[in-house]
Each structure stands twice: as C-alpha cells, then as structure tokens.
Amino acid sequence: MSEARRVRDPIHGFIPLSSDEAEIVETPVFQWLRGIRQLAFANLVYPGALHTRFDHTLGVFYVTRQLCEVFNFGDEDSRLVRLSALVHDLGHGPFSHVSESALELFADRTKLQDRLKGDNPAKIHELLTQDLLRMDADVTDIVGKSTLGKIISLLSHGYGEPVLKSVVSGPLDADKQDYLLRDTYFCGVKYGVFDLQQLHKELQVVEDPSQGRQMMISSDGVHALEQFVLAKYYLTAQVYSHRVRLITDQMVVRAVALGIEEDGIDELKALYSYDGSETFVRNYTQWDDARFMLTFGEPRFKGKYCHELVNRLRRRRLIKQIFESRVSVLPESSRDAIQAVTRPQNRTLRRLLEQRIAATIEGAGVKLNCGAADPSNMVIANSYTLKSVRAQSRNDEGPILVRKGTALTTFEEESDLFRSINEKLVDPRFAIYAPVDYENPTERRELQNKLWEPILECLKGFGNGE
C-alpha cells in the first residue's frame, strides 16, 4: 500500500493524493502516460509544449478534487469521481488525439459493432479506456471490481446523479478547466487564461425535478463563464489550429496510413487495428511517442513513406502549406465535396483529389521532393472549420443552466456578450500541404502565388464526377 503524498504541479501547486490514489499513479499503465505528449508536435512551434498526459491527468484530478469540495459530495461519491478523473485518459496512445484519428481509420468495426451502435457516443479512445480498465489487474486490485464497474459506467453513460459525470465529462468538466490553463502555460501564450477560483465560487448543484441533481452556475457567475468560453475559443484558434500544428498532425496520420497500406509495416497495423481484444490492448500500452519515433525512423524502413515522414518530423523538415483558402471563395460547384473531403468515408475521393493536385503542382514546374516511390502520397488535402465563439459555446457551454433567483435560464440566453455574436460566423477552410522546398518567406509567397490559379482550376468540378 502506498502512502498518501503531495505532488508539486506548476499550474495548481501541491496536489494531494490519498494512499489508493497514489497507488494508481504508480501503476505501469498510469506511468505510461509520461511518454505521451499532450499536444503531439505543437512543440515544433511552441517549444515549451512538452507536457504530457501524465501531468495533465494529475491536473484534472486536482480540479475534480476541488469541485467535489465545492459541491459538497459525500465520501462515496467524491471517491468515485476522483478515481474516475484519474483513469479517464488511460486510452490515449502515441501523440494523444492524433492517434485517435488513426484508430478511427483502422479499427476493426466488425468486431466492435456491438459497442458502436446507435446511442453509444463513445469515441475510440474512450472504448480503449474501458477495455484497459477491465483488463488491468493492478487497477482492479486497487479500486475493487464493484467500484471499477461504477467508474466505467460513469465514464460512459453516467452513474448516479448527472452532476457526477458532469465533473469528469461535460461542458464545464475538470478536463477542460485543466487543459486550458496547462496548455496556455506550457505554450507560453496568454489566450487560455481564466479565473478558476471565481468560476468554482459561482458553480452550484441544483435539484432538477425531471433530471436529478445538475451542475449549474449562478447569475453572478455568467461573466466568469464568458471568460472561460473565450479562453477556449482563443486557444483553439491560435494554438490548436496553428498552421504548423495542423501540418504535423496530418503528417503523423498520413505516416500511419501509408505505413499500413503502402509500406506494409506489421508493427503499425498491429498498433492501430483496434479490435477490443486483450492482445491489442496489451500491445497498445507498450507504445509511446518515443518508441514510435525511434522504431519507424530506423534504417530498416528507409525508402518507405512512414520512415520519410517520421524523419521529417524529427528534423523539422515539414511538408509545406502551398495553398490555403476559405471554402467560400473556392469554385461553388465543389465546395460541399471539398468541405467533406477529410471524412473517413471519403478517403478514396480525397486520394483522387491529392493525385490531381500533385499533377497540377508538377505541371506548374514545382518539384515534389519525396524519397519514396509516389510523391503524390505526400500531398495532403485538409479541410477544417473554425467555428465562431458562439457556435462553439452553443454545442458545449451554451446549454449550461444559470440559476437566477428561483428561475432557471441558459448561459446563451443570459449572456449579453454571446447574444451579440453572430453564431453563423463559422469559417470552413481548405489547405494543401506538399513536400516542396523554399528558402525564405519571399520564395514561399512566390510559390503560393504561382500555384494559386492552377490549384483553383484543379478544384473545379471536384466531387461532381469530373
């Protein structure tokens, strides 16, 4: 049995752990999180962004602990929610959410179909977390089978009163509260700052006759919630959607896809062909960022697409953004197809577009520098959307109930600031990344200007049988 202890954290100060919480932190599966960076390759543009899932999870635990005190949970509910916070992210693999994109592509859905039916909102990494908790003897021994079952229920569909799940997974959950402050700190920016203490001061638990005990905020807390929502919006726009971050994420996913489909690398296929089996889970938890980079950067894979992309990431020889535009200014007939091109079901169409674009680039006299067989495989078409702050909040924080005396309203209705924002201001964008070279910003602009019209012409008719 481990001793209770305190862990020093740069965001929250000292984080107290009880003996069983400390014992979970010492398990191999929790220590594995030390090798998985929170923001993948964001450190290539924000050098300090080297923090990991390990310290983020401890931060989520701390915020959860604070909320349990704010809401005056009983001992049993408090222990359940705190333990759930500790294990909620165990299913994240190499490069965190970037791995999730690869898992979505290569998961064996025939073996998972019973778990992915209609009303199940779980993401792949959440299913992996459930599997890992069921299969890890260390965690089971520490918390007990009965509590473990409650944790899995709380993390999936919920357990007990709705407020318990809201603390760990919801519009204002501890995860968001920690990652905004933590990512802001380690990236060296100020976009994600909000007043955590003031927000907690205004949060309440209110009995809803039809839904049970719900997390709400007082009318005096609306401004603190506005600050939180704006912090999330700005961090998304300035950090998570930074050009270099988008490029590196796409390079990792493309390295996995080409490594499996073109290079035939068995280790990659075993790592991402999720089927819910114990064999898969045991192998998955043996891989972290460093092992991925070292293994697939080995000389034995030289000449393969995966090897080239991995080594480009290691040396920061990134593929370049050669085209970027709002979808609204692209040829009207192809806008819908372009906006949907990155969806998994459109992979064949996306590949055809990338081949056409590669031919267009070379036809304009620009060389694609790729050591592997087909340079068009290294051309990446990426469609993404920057939602307005109100559109983001409508999906997440908007439905949060605000208590105004004895009446209940919603954050969206109560906030003068957010009512004044046009929720239709969403910004679908389209970008193309390719393995080209230039020496300075002037050459970059010249190359992008040279390719602008040929690429626009290439996009005409895309998705309409042309």
# chains A, B, ... in the order shown; residues from 1 in each chain; ligands from 1
call {"tool": "select_by_dssp", "arguments": {"residues": "stretch 124-255 of chain A", "states": "strand (DSSP E or B)", "output": "ChimeraX atom specification"}}
result
/A:203-208,212-218
call {"tool": "closest_residue", "arguments": {"among": "A:Phe54, A:Tyr185, A:Tyr438, A:Phe418", "to": "A:Pro28", "atoms": "only C-alpha atoms"}}
result
A:Phe54
call {"tool": "select_by_dssp", "arguments": {"residues": "stretch 347-390 of chain A", "states": "alpha helix (DSSP H)", "output": "mmCIF file with C-alpha atoms, in the first residue's frame"}}
result
data_model
loop_
_atom_site.group_PDB
_atom_site.id
_atom_site.type_symbol
_atom_site.label_atom_id
_atom_site.label_comp_id
_atom_site.auth_asym_id
_atom_site.auth_seq_id
_atom_site.Cartn_x
_atom_site.Cartn_y
_atom_site.Cartn_z
ATOM 1 C CA ARG A 347 -10.823 8.581 -48.335
ATOM 2 C CA THR A 348 -10.938 7.363 -51.939
ATOM 3 C CA LEU A 349 -12.206 10.728 -53.190
ATOM 4 C CA ARG A 350 -9.563 12.520 -51.149
ATOM 5 C CA ARG A 351 -6.828 10.347 -52.662
ATOM 6 C CA LEU A 352 -8.029 11.149 -56.174
ATOM 7 C CA LEU A 353 -8.003 14.865 -55.385
ATOM 8 C CA GLU A 354 -4.485 14.667 -53.983
ATOM 9 C CA GLN A 355 -3.262 12.887 -57.120
ATOM 10 C CA ARG A 356 -4.811 15.612 -59.281
ATOM 11 C CA ILE A 357 -3.227 18.316 -57.151
ATOM 12 C CA ALA A 358 0.183 16.605 -57.289
ATOM 13 C CA ALA A 359 -0.008 16.555 -61.081
ATOM 14 C CA THR A 360 -1.029 20.219 -61.077
ATOM 15 C CA ILE A 361 1.925 21.179 -58.868
ATOM 16 C CA GLU A 362 4.428 19.387 -61.070
ATOM 17 C CA GLY A 363 2.699 20.728 -64.179
ATOM 18 C CA VAL A 389 -17.142 31.563 -30.315
ATOM 19 C CA ARG A 390 -20.929 31.449 -30.060
#
call {"tool": "closest_residue", "arguments": {"among": "A:Lys123, A:Arg6, A:Lys232, A:His223", "to": "A:Gln177", "atoms": "only C-alpha atoms"}}
result
A:Lys232
call {"tool": "closest_residue", "arguments": {"among": "A:Ala40, A:His12, A:Ala257, A:Leu86", "to": "A:Glu26", "atoms": "only C-alpha atoms"}}
result
A:Leu86
call {"tool": "closest_residue", "arguments": {"among": "A:Arg300, A:Lys165, A:His88, A:Lys176", "to": "A:Leu127", "atoms": "only C-alpha atoms"}}
result
A:His88
call {"tool": "residues_around", "arguments": {"residues": "A:Ile142", "least_positions_apart": "5", "cutoff": "10 Å", "atoms": "only C-alpha atoms", "output": "list in words"}}
result
Met1, Ser19, Asp20, Glu21, Glu23, Ile24, Thr27, Ala137, Thr147 and Leu148 of chain A
call {"tool": "closest_residue", "arguments": {"among": "A:Leu368, A:Ala42, A:Val7, A:Leu258", "to": "A:His242", "atoms": "only C-alpha atoms"}}
result
A:Ala42
call {"tool": "residues_around", "arguments": {"residues": "A:Ala337", "least_positions_apart": "6", "cutoff": "12 Å", "atoms": "only C-alpha atoms", "output": "ChimeraX atom specification"}}
result
/A:327,330-331,343,345-347,349-350,353,381-383,430,459-466
call {"tool": "write_last_selection", "arguments": {"atoms": "N, CA, C and O atoms", "output": "compact mmCIF listing (two decimals), in the first residue's frame"}}
result
# COMPACT_ATOMS: atom_id res chain seq x y z
N VAL A 327 -13.32 28.11 -47.75
CA VAL A 327 -14.08 27.30 -48.71
C VAL A 327 -15.04 28.17 -49.51
O VAL A 327 -15.30 27.91 -50.68
N LEU A 330 -13.85 29.23 -52.96
CA LEU A 330 -13.48 28.18 -53.91
C LEU A 330 -14.62 27.99 -54.92
O LEU A 330 -15.74 28.49 -54.70
N PRO A 331 -14.37 27.29 -56.02
CA PRO A 331 -15.44 27.07 -57.01
C PRO A 331 -16.70 26.53 -56.36
O PRO A 331 -16.66 25.54 -55.62
N ARG A 343 -13.40 13.46 -44.25
CA ARG A 343 -14.18 12.45 -43.53
C ARG A 343 -13.72 11.05 -43.93
O ARG A 343 -13.39 10.81 -45.10
N GLN A 345 -15.12 8.32 -44.62
CA GLN A 345 -15.85 7.66 -45.71
C GLN A 345 -15.47 8.23 -47.09
O GLN A 345 -15.84 7.65 -48.12
N ASN A 346 -14.74 9.36 -47.09
CA ASN A 346 -14.37 9.98 -48.37
C ASN A 346 -12.89 9.79 -48.69
O ASN A 346 -12.31 10.56 -49.47
N ARG A 347 -12.27 8.76 -48.14
CA ARG A 347 -10.82 8.58 -48.34
C ARG A 347 -10.45 8.37 -49.81
O ARG A 347 -9.44 8.89 -50.28
N LEU A 349 -12.05 9.45 -52.49
CA LEU A 349 -12.21 10.73 -53.19
C LEU A 349 -11.06 11.67 -52.84
O LEU A 349 -10.54 12.38 -53.70
N ARG A 350 -10.67 11.66 -51.58
CA ARG A 350 -9.56 12.52 -51.15
C ARG A 350 -8.27 12.13 -51.86
O ARG A 350 -7.51 13.00 -52.30
N LEU A 353 -8.26 13.42 -55.36
CA LEU A 353 -8.00 14.87 -55.38
C LEU A 353 -6.52 15.13 -55.19
O LEU A 353 -5.93 15.97 -55.89
N ALA A 381 -4.51 16.97 -48.66
CA ALA A 381 -5.62 17.92 -48.70
C ALA A 381 -6.31 17.91 -47.34
O ALA A 381 -6.70 16.84 -46.84
N ASN A 382 -6.46 19.07 -46.73
CA ASN A 382 -7.01 19.14 -45.38
C ASN A 382 -8.12 20.17 -45.30
O ASN A 382 -7.93 21.34 -45.63
N SER A 383 -9.29 19.72 -44.90
CA SER A 383 -10.43 20.61 -44.70
C SER A 383 -10.75 20.67 -43.21
O SER A 383 -10.80 19.65 -42.54
N PHE A 430 -9.81 25.33 -46.28
CA PHE A 430 -9.22 24.23 -47.03
C PHE A 430 -7.74 24.55 -47.26
O PHE A 430 -7.39 25.67 -47.64
N LEU A 459 -9.51 22.39 -58.77
CA LEU A 459 -10.62 22.10 -57.85
C LEU A 459 -11.99 22.19 -58.52
O LEU A 459 -12.97 21.70 -57.97
N LYS A 460 -12.05 22.83 -59.67
CA LYS A 460 -13.35 22.96 -60.35
C LYS A 460 -13.91 21.59 -60.69
O LYS A 460 -13.24 20.75 -61.26
N GLY A 461 -15.14 21.40 -60.33
CA GLY A 461 -15.80 20.14 -60.66
C GLY A 461 -15.49 19.00 -59.71
O GLY A 461 -16.04 17.90 -59.85
N PHE A 462 -14.60 19.23 -58.74
CA PHE A 462 -14.27 18.13 -57.82
C PHE A 462 -15.52 17.69 -57.07
O PHE A 462 -16.28 18.49 -56.55
N GLY A 463 -15.73 16.36 -57.05
CA GLY A 463 -16.88 15.81 -56.36
C GLY A 463 -18.13 15.76 -57.20
O GLY A 463 -19.19 15.34 -56.75
N ASN A 464 -18.01 16.22 -58.46
CA ASN A 464 -19.17 16.22 -59.36
C ASN A 464 -18.92 15.36 -60.59
O ASN A 464 -19.38 15.66 -61.68
N GLY A 465 -18.13 14.31 -60.39
CA GLY A 465 -17.90 13.37 -61.46
C GLY A 465 -16.82 13.79 -62.43
O GLY A 465 -16.61 13.15 -63.46
N GLU A 466 -16.09 14.87 -62.13
CA GLU A 466 -15.02 15.32 -63.03
C GLU A 466 -13.66 15.03 -62.44
O GLU A 466 -13.50 14.95 -61.24
call {"tool": "closest_residue", "arguments": {"among": "A:Arg326, A:Lys150, A:Lys269, A:Lys111", "to": "A:Arg429", "atoms": "only C-alpha atoms"}}
result
A:Arg326
call {"tool": "residues_around", "arguments": {"residues": "A:Val222", "least_positions_apart": "4", "cutoff": "8 Å", "atoms": "only C-alpha atoms", "output": "PyMOL selection string"}}
result
chain A and resi 217-218+226+402+411+414-415
call {"tool": "write_last_selection", "arguments": {"atoms": "C-alpha atoms", "output": "PDB file, in the first residue's frame"}}
result
ATOM      1  CA  ILE A 217     -23.906  28.415 -12.379  1.00  0.00           C
ATOM      2  CA  SER A 218     -25.285  31.417 -10.544  1.00  0.00           C
ATOM      3  CA  GLU A 226     -17.837  34.039 -20.556  1.00  0.00           C
ATOM      4  CA  VAL A 402     -27.982  29.579 -14.992  1.00  0.00           C
ATOM      5  CA  PHE A 411     -25.977  30.661 -20.398  1.00  0.00           C
ATOM      6  CA  GLU A 414     -28.296  35.111 -20.015  1.00  0.00           C
ATOM      7  CA  SER A 415     -25.030  36.312 -21.572  1.00  0.00           C
TER       8      SER A 415
END
call {"tool": "residues_around", "arguments": {"residues": "A:Gly371", "least_positions_apart": "5", "cutoff": "9 Å", "atoms": "only C-alpha atoms", "output": "list of chain:residue names"}}
result
A:Gly303, A:Lys304, A:Tyr305, A:Glu308
call {"tool": "residues_around", "arguments": {"residues": "A:Leu268", "least_positions_apart": "3", "cutoff": "7 Å", "atoms": "only C-alpha atoms", "output": "ChimeraX atom specification"}}
result
/A:256,259-260,265,271-272
call {"tool": "write_last_selection", "arguments": {"atoms": "all heavy atoms", "output": "mmCIF file, in the first residue's frame"}}
result
data_model
loop_
_atom_site.group_PDB
_atom_site.id
_atom_site.type_symbol
_atom_site.label_atom_id
_atom_site.label_comp_id
_atom_site.auth_asym_id
_atom_site.auth_seq_id
_atom_site.Cartn_x
_atom_site.Cartn_y
_atom_site.Cartn_z
ATOM 1 N N VAL A 256 1.048 6.907 -40.551
ATOM 2 C CA VAL A 256 0.409 5.657 -40.130
ATOM 3 C C VAL A 256 -0.326 5.015 -41.303
ATOM 4 O O VAL A 256 -0.184 3.815 -41.571
ATOM 5 C CB VAL A 256 -0.562 5.912 -38.954
ATOM 6 C CG1 VAL A 256 -1.364 4.656 -38.630
ATOM 7 C CG2 VAL A 256 0.200 6.372 -37.713
ATOM 8 N N GLY A 259 2.092 3.810 -43.886
ATOM 9 C CA GLY A 259 2.872 2.718 -43.313
ATOM 10 C C GLY A 259 2.125 1.401 -43.308
ATOM 11 O O GLY A 259 2.712 0.332 -43.493
ATOM 12 N N ILE A 260 0.808 1.482 -43.129
ATOM 13 C CA ILE A 260 -0.010 0.266 -43.120
ATOM 14 C C ILE A 260 -0.380 -0.151 -44.537
ATOM 15 O O ILE A 260 -0.211 -1.305 -44.932
ATOM 16 C CB ILE A 260 -1.278 0.494 -42.276
ATOM 17 C CG1 ILE A 260 -0.907 0.647 -40.794
ATOM 18 C CG2 ILE A 260 -2.267 -0.667 -42.442
ATOM 19 C CD1 ILE A 260 -2.070 1.056 -39.900
ATOM 20 N N ILE A 265 3.860 -2.284 -43.031
ATOM 21 C CA ILE A 265 4.597 -2.442 -41.775
ATOM 22 C C ILE A 265 3.695 -3.128 -40.751
ATOM 23 O O ILE A 265 2.708 -2.551 -40.288
ATOM 24 C CB ILE A 265 5.088 -1.079 -41.249
ATOM 25 C CG1 ILE A 265 6.032 -0.431 -42.279
ATOM 26 C CG2 ILE A 265 5.807 -1.244 -39.913
ATOM 27 C CD1 ILE A 265 6.481 0.973 -41.919
ATOM 28 N N LEU A 271 -0.569 -1.989 -34.158
ATOM 29 C CA LEU A 271 -0.749 -0.885 -33.216
ATOM 30 C C LEU A 271 -2.076 -0.170 -33.388
ATOM 31 O O LEU A 271 -2.661 0.301 -32.412
ATOM 32 C CB LEU A 271 0.411 0.107 -33.376
ATOM 33 C CG LEU A 271 0.382 1.375 -32.524
ATOM 34 C CD1 LEU A 271 0.317 1.037 -31.031
ATOM 35 C CD2 LEU A 271 1.615 2.230 -32.821
ATOM 36 N N TYR A 272 -2.596 -0.115 -34.617
ATOM 37 C CA TYR A 272 -3.787 0.701 -34.862
ATOM 38 C C TYR A 272 -5.026 -0.075 -35.289
ATOM 39 O O TYR A 272 -6.099 0.513 -35.424
ATOM 40 C CB TYR A 272 -3.470 1.786 -35.889
ATOM 41 C CG TYR A 272 -2.597 2.865 -35.288
ATOM 42 C CD1 TYR A 272 -1.234 2.922 -35.556
ATOM 43 C CD2 TYR A 272 -3.129 3.803 -34.413
ATOM 44 C CE1 TYR A 272 -0.421 3.896 -34.980
ATOM 45 C CE2 TYR A 272 -2.336 4.777 -33.836
ATOM 46 C CZ TYR A 272 -0.987 4.823 -34.117
ATOM 47 O OH TYR A 272 -0.203 5.782 -33.539
#
call {"tool": "atom_distance", "arguments": {"atom1": "atom CA of A:Ile151", "atom2": "atom CA of A:Pro399"}}
result
25.1 Å
call {"tool": "atom_distance", "arguments": {"atom1": "atom CA of A:Leu33", "atom2": "atom CA of A:Arg53"}}
result
5.2 Å
call {"tool": "decode", "arguments": {"residues": "stretch 252-391 of chain A", "atoms": "C-alpha atoms", "output": "PDB file, in the first residue's frame"}}
result
ATOM      1  CA  VAL A 252       1.503  11.661 -38.304  1.00  0.00           C
ATOM      2  CA  VAL A 253      -1.830  10.305 -39.534  1.00  0.00           C
ATOM      3  CA  ARG A 254      -0.508  10.040 -43.097  1.00  0.00           C
ATOM      4  CA  ALA A 255       2.626   8.243 -41.821  1.00  0.00           C
ATOM      5  CA  VAL A 256       0.409   5.657 -40.130  1.00  0.00           C
ATOM      6  CA  ALA A 257      -1.926   5.267 -43.119  1.00  0.00           C
ATOM      7  CA  LEU A 258       0.878   4.907 -45.666  1.00  0.00           C
ATOM      8  CA  GLY A 259       2.872   2.718 -43.313  1.00  0.00           C
ATOM      9  CA  ILE A 260      -0.010   0.266 -43.120  1.00  0.00           C
ATOM     10  CA  GLU A 261      -1.457   0.460 -46.635  1.00  0.00           C
ATOM     11  CA  GLU A 262       1.604   1.145 -48.799  1.00  0.00           C
ATOM     12  CA  ASP A 263       4.646   0.111 -46.741  1.00  0.00           C
ATOM     13  CA  GLY A 264       3.030  -2.992 -45.207  1.00  0.00           C
ATOM     14  CA  ILE A 265       4.597  -2.442 -41.775  1.00  0.00           C
ATOM     15  CA  ASP A 266       3.195  -5.140 -39.495  1.00  0.00           C
ATOM     16  CA  GLU A 267       4.031  -3.275 -36.267  1.00  0.00           C
ATOM     17  CA  LEU A 268       1.923  -0.307 -37.371  1.00  0.00           C
ATOM     18  CA  LYS A 269      -1.006  -2.483 -38.371  1.00  0.00           C
ATOM     19  CA  ALA A 270      -0.924  -4.242 -35.005  1.00  0.00           C
ATOM     20  CA  LEU A 271      -0.749  -0.885 -33.216  1.00  0.00           C
ATOM     21  CA  TYR A 272      -3.787   0.701 -34.862  1.00  0.00           C
ATOM     22  CA  SER A 273      -6.102  -2.165 -35.871  1.00  0.00           C
ATOM     23  CA  TYR A 274      -8.162  -1.889 -32.697  1.00  0.00           C
ATOM     24  CA  ASP A 275     -10.480  -4.860 -32.176  1.00  0.00           C
ATOM     25  CA  GLY A 276     -11.227  -4.768 -28.448  1.00  0.00           C
ATOM     26  CA  SER A 277      -9.062  -7.818 -27.719  1.00  0.00           C
ATOM     27  CA  GLU A 278      -6.701  -8.165 -24.780  1.00  0.00           C
ATOM     28  CA  THR A 279      -3.845  -8.855 -27.215  1.00  0.00           C
ATOM     29  CA  PHE A 280      -4.397  -5.485 -28.871  1.00  0.00           C
ATOM     30  CA  VAL A 281      -4.663  -3.590 -25.577  1.00  0.00           C
ATOM     31  CA  ARG A 282      -1.500  -5.170 -24.145  1.00  0.00           C
ATOM     32  CA  ASN A 283       0.471  -4.234 -27.255  1.00  0.00           C
ATOM     33  CA  TYR A 284      -1.020  -0.729 -27.461  1.00  0.00           C
ATOM     34  CA  THR A 285       0.131   0.194 -23.960  1.00  0.00           C
ATOM     35  CA  GLN A 286       3.720  -0.673 -24.850  1.00  0.00           C
ATOM     36  CA  TRP A 287       3.939   2.202 -27.328  1.00  0.00           C
ATOM     37  CA  ASP A 288       4.564   5.851 -26.555  1.00  0.00           C
ATOM     38  CA  ASP A 289       5.782   8.829 -28.613  1.00  0.00           C
ATOM     39  CA  ALA A 290       9.471   7.988 -28.268  1.00  0.00           C
ATOM     40  CA  ARG A 291       9.125   4.327 -29.231  1.00  0.00           C
ATOM     41  CA  PHE A 292       7.021   5.268 -32.261  1.00  0.00           C
ATOM     42  CA  MET A 293       9.600   7.782 -33.492  1.00  0.00           C
ATOM     43  CA  LEU A 294      12.604   5.525 -32.833  1.00  0.00           C
ATOM     44  CA  THR A 295      11.048   2.388 -34.331  1.00  0.00           C
ATOM     45  CA  PHE A 296       9.660   3.831 -37.534  1.00  0.00           C
ATOM     46  CA  GLY A 297      12.687   6.071 -38.012  1.00  0.00           C
ATOM     47  CA  GLU A 298      15.025   3.051 -38.047  1.00  0.00           C
ATOM     48  CA  PRO A 299      17.220   2.480 -41.136  1.00  0.00           C
ATOM     49  CA  ARG A 300      15.420  -0.811 -41.868  1.00  0.00           C
ATOM     50  CA  PHE A 301      12.423   1.219 -43.026  1.00  0.00           C
ATOM     51  CA  LYS A 302      14.441   3.572 -45.230  1.00  0.00           C
ATOM     52  CA  GLY A 303      12.725   4.193 -48.556  1.00  0.00           C
ATOM     53  CA  LYS A 304       9.264   3.785 -47.071  1.00  0.00           C
ATOM     54  CA  TYR A 305       6.748   6.607 -46.751  1.00  0.00           C
ATOM     55  CA  CYS A 306       6.369   6.183 -42.999  1.00  0.00           C
ATOM     56  CA  HIS A 307      10.129   6.417 -42.477  1.00  0.00           C
ATOM     57  CA  GLU A 308      10.381   9.606 -44.538  1.00  0.00           C
ATOM     58  CA  LEU A 309       7.534  11.345 -42.698  1.00  0.00           C
ATOM     59  CA  VAL A 310       8.866  10.325 -39.281  1.00  0.00           C
ATOM     60  CA  ASN A 311      12.331  11.624 -40.105  1.00  0.00           C
ATOM     61  CA  ARG A 312      10.901  14.845 -41.462  1.00  0.00           C
ATOM     62  CA  LEU A 313       9.173  15.343 -38.098  1.00  0.00           C
ATOM     63  CA  ARG A 314      12.352  14.502 -36.175  1.00  0.00           C
ATOM     64  CA  ARG A 315      14.382  17.050 -38.161  1.00  0.00           C
ATOM     65  CA  ARG A 316      11.579  19.609 -38.528  1.00  0.00           C
ATOM     66  CA  ARG A 317      11.665  19.331 -42.294  1.00  0.00           C
ATOM     67  CA  LEU A 318       7.924  19.629 -42.501  1.00  0.00           C
ATOM     68  CA  ILE A 319       5.870  19.445 -45.645  1.00  0.00           C
ATOM     69  CA  LYS A 320       4.744  22.940 -46.591  1.00  0.00           C
ATOM     70  CA  GLN A 321       1.413  24.676 -46.843  1.00  0.00           C
ATOM     71  CA  ILE A 322       1.209  25.659 -50.510  1.00  0.00           C
ATOM     72  CA  PHE A 323      -2.460  26.644 -50.627  1.00  0.00           C
ATOM     73  CA  GLU A 324      -4.950  27.865 -48.030  1.00  0.00           C
ATOM     74  CA  SER A 325      -8.355  29.425 -48.507  1.00  0.00           C
ATOM     75  CA  ARG A 326     -11.804  29.863 -47.115  1.00  0.00           C
ATOM     76  CA  VAL A 327     -14.077  27.301 -48.708  1.00  0.00           C
ATOM     77  CA  SER A 328     -16.497  30.111 -49.545  1.00  0.00           C
ATOM     78  CA  VAL A 329     -14.130  31.531 -52.202  1.00  0.00           C
ATOM     79  CA  LEU A 330     -13.485  28.185 -53.914  1.00  0.00           C
ATOM     80  CA  PRO A 331     -15.436  27.072 -57.010  1.00  0.00           C
ATOM     81  CA  GLU A 332     -19.069  26.870 -55.919  1.00  0.00           C
ATOM     82  CA  SER A 333     -19.762  23.512 -57.545  1.00  0.00           C
ATOM     83  CA  SER A 334     -17.067  21.778 -55.483  1.00  0.00           C
ATOM     84  CA  ARG A 335     -17.467  23.453 -52.074  1.00  0.00           C
ATOM     85  CA  ASP A 336     -19.535  20.723 -50.423  1.00  0.00           C
ATOM     86  CA  ALA A 337     -17.182  17.965 -51.584  1.00  0.00           C
ATOM     87  CA  ILE A 338     -14.098  19.926 -50.504  1.00  0.00           C
ATOM     88  CA  GLN A 339     -15.523  20.657 -47.057  1.00  0.00           C
ATOM     89  CA  ALA A 340     -16.231  16.936 -46.518  1.00  0.00           C
ATOM     90  CA  VAL A 341     -13.031  15.599 -48.066  1.00  0.00           C
ATOM     91  CA  THR A 342     -11.324  14.620 -44.787  1.00  0.00           C
ATOM     92  CA  ARG A 343     -14.183  12.449 -43.528  1.00  0.00           C
ATOM     93  CA  PRO A 344     -13.129   8.783 -43.274  1.00  0.00           C
ATOM     94  CA  GLN A 345     -15.846   7.656 -45.715  1.00  0.00           C
ATOM     95  CA  ASN A 346     -14.370   9.977 -48.371  1.00  0.00           C
ATOM     96  CA  ARG A 347     -10.823   8.581 -48.335  1.00  0.00           C
ATOM     97  CA  THR A 348     -10.938   7.363 -51.939  1.00  0.00           C
ATOM     98  CA  LEU A 349     -12.206  10.728 -53.190  1.00  0.00           C
ATOM     99  CA  ARG A 350      -9.563  12.520 -51.149  1.00  0.00           C
ATOM    100  CA  ARG A 351      -6.828  10.347 -52.662  1.00  0.00           C
ATOM    101  CA  LEU A 352      -8.029  11.149 -56.174  1.00  0.00           C
ATOM    102  CA  LEU A 353      -8.003  14.865 -55.385  1.00  0.00           C
ATOM    103  CA  GLU A 354      -4.485  14.667 -53.983  1.00  0.00           C
ATOM    104  CA  GLN A 355      -3.262  12.887 -57.120  1.00  0.00           C
ATOM    105  CA  ARG A 356      -4.811  15.612 -59.281  1.00  0.00           C
ATOM    106  CA  ILE A 357      -3.227  18.316 -57.151  1.00  0.00           C
ATOM    107  CA  ALA A 358       0.183  16.605 -57.289  1.00  0.00           C
ATOM    108  CA  ALA A 359      -0.008  16.555 -61.081  1.00  0.00           C
ATOM    109  CA  THR A 360      -1.029  20.219 -61.077  1.00  0.00           C
ATOM    110  CA  ILE A 361       1.925  21.179 -58.868  1.00  0.00           C
ATOM    111  CA  GLU A 362       4.428  19.387 -61.070  1.00  0.00           C
ATOM    112  CA  GLY A 363       2.699  20.728 -64.179  1.00  0.00           C
ATOM    113  CA  ALA A 364       3.371  24.238 -62.874  1.00  0.00           C
ATOM    114  CA  GLY A 365       7.084  23.418 -62.741  1.00  0.00           C
ATOM    115  CA  VAL A 366       7.304  22.871 -58.953  1.00  0.00           C
ATOM    116  CA  LYS A 367       9.235  19.789 -57.859  1.00  0.00           C
ATOM    117  CA  LEU A 368       7.807  17.421 -55.221  1.00  0.00           C
ATOM    118  CA  ASN A 369      10.737  16.253 -53.106  1.00  0.00           C
ATOM    119  CA  CYS A 370       9.961  12.747 -51.889  1.00  0.00           C
ATOM    120  CA  GLY A 371      12.354   9.838 -51.464  1.00  0.00           C
ATOM    121  CA  ALA A 372       9.610   7.214 -51.713  1.00  0.00           C
ATOM    122  CA  ALA A 373       8.010   5.882 -54.878  1.00  0.00           C
ATOM    123  CA  ASP A 374       4.974   8.116 -55.447  1.00  0.00           C
ATOM    124  CA  PRO A 375       5.278  11.796 -54.399  1.00  0.00           C
ATOM    125  CA  SER A 376       1.502  12.273 -54.661  1.00  0.00           C
ATOM    126  CA  ASN A 377       1.127  10.208 -51.465  1.00  0.00           C
ATOM    127  CA  MET A 378       2.853  13.054 -49.630  1.00  0.00           C
ATOM    128  CA  VAL A 379       0.410  15.676 -50.878  1.00  0.00           C
ATOM    129  CA  ILE A 380      -2.266  16.216 -48.226  1.00  0.00           C
ATOM    130  CA  ALA A 381      -5.625  17.924 -48.701  1.00  0.00           C
ATOM    131  CA  ASN A 382      -7.008  19.135 -45.376  1.00  0.00           C
ATOM    132  CA  SER A 383     -10.431  20.606 -44.703  1.00  0.00           C
ATOM    133  CA  TYR A 384     -11.228  22.033 -41.260  1.00  0.00           C
ATOM    134  CA  THR A 385     -13.596  24.518 -39.669  1.00  0.00           C
ATOM    135  CA  LEU A 386     -13.043  27.365 -37.243  1.00  0.00           C
ATOM    136  CA  LYS A 387     -16.376  27.919 -35.510  1.00  0.00           C
ATOM    137  CA  SER A 388     -17.387  31.243 -34.069  1.00  0.00           C
ATOM    138  CA  VAL A 389     -17.142  31.563 -30.315  1.00  0.00           C
ATOM    139  CA  ARG A 390     -20.929  31.449 -30.060  1.00  0.00           C
ATOM    140  CA  ALA A 391     -21.209  28.366 -32.264  1.00  0.00           C
TER     141      ALA A 391
END
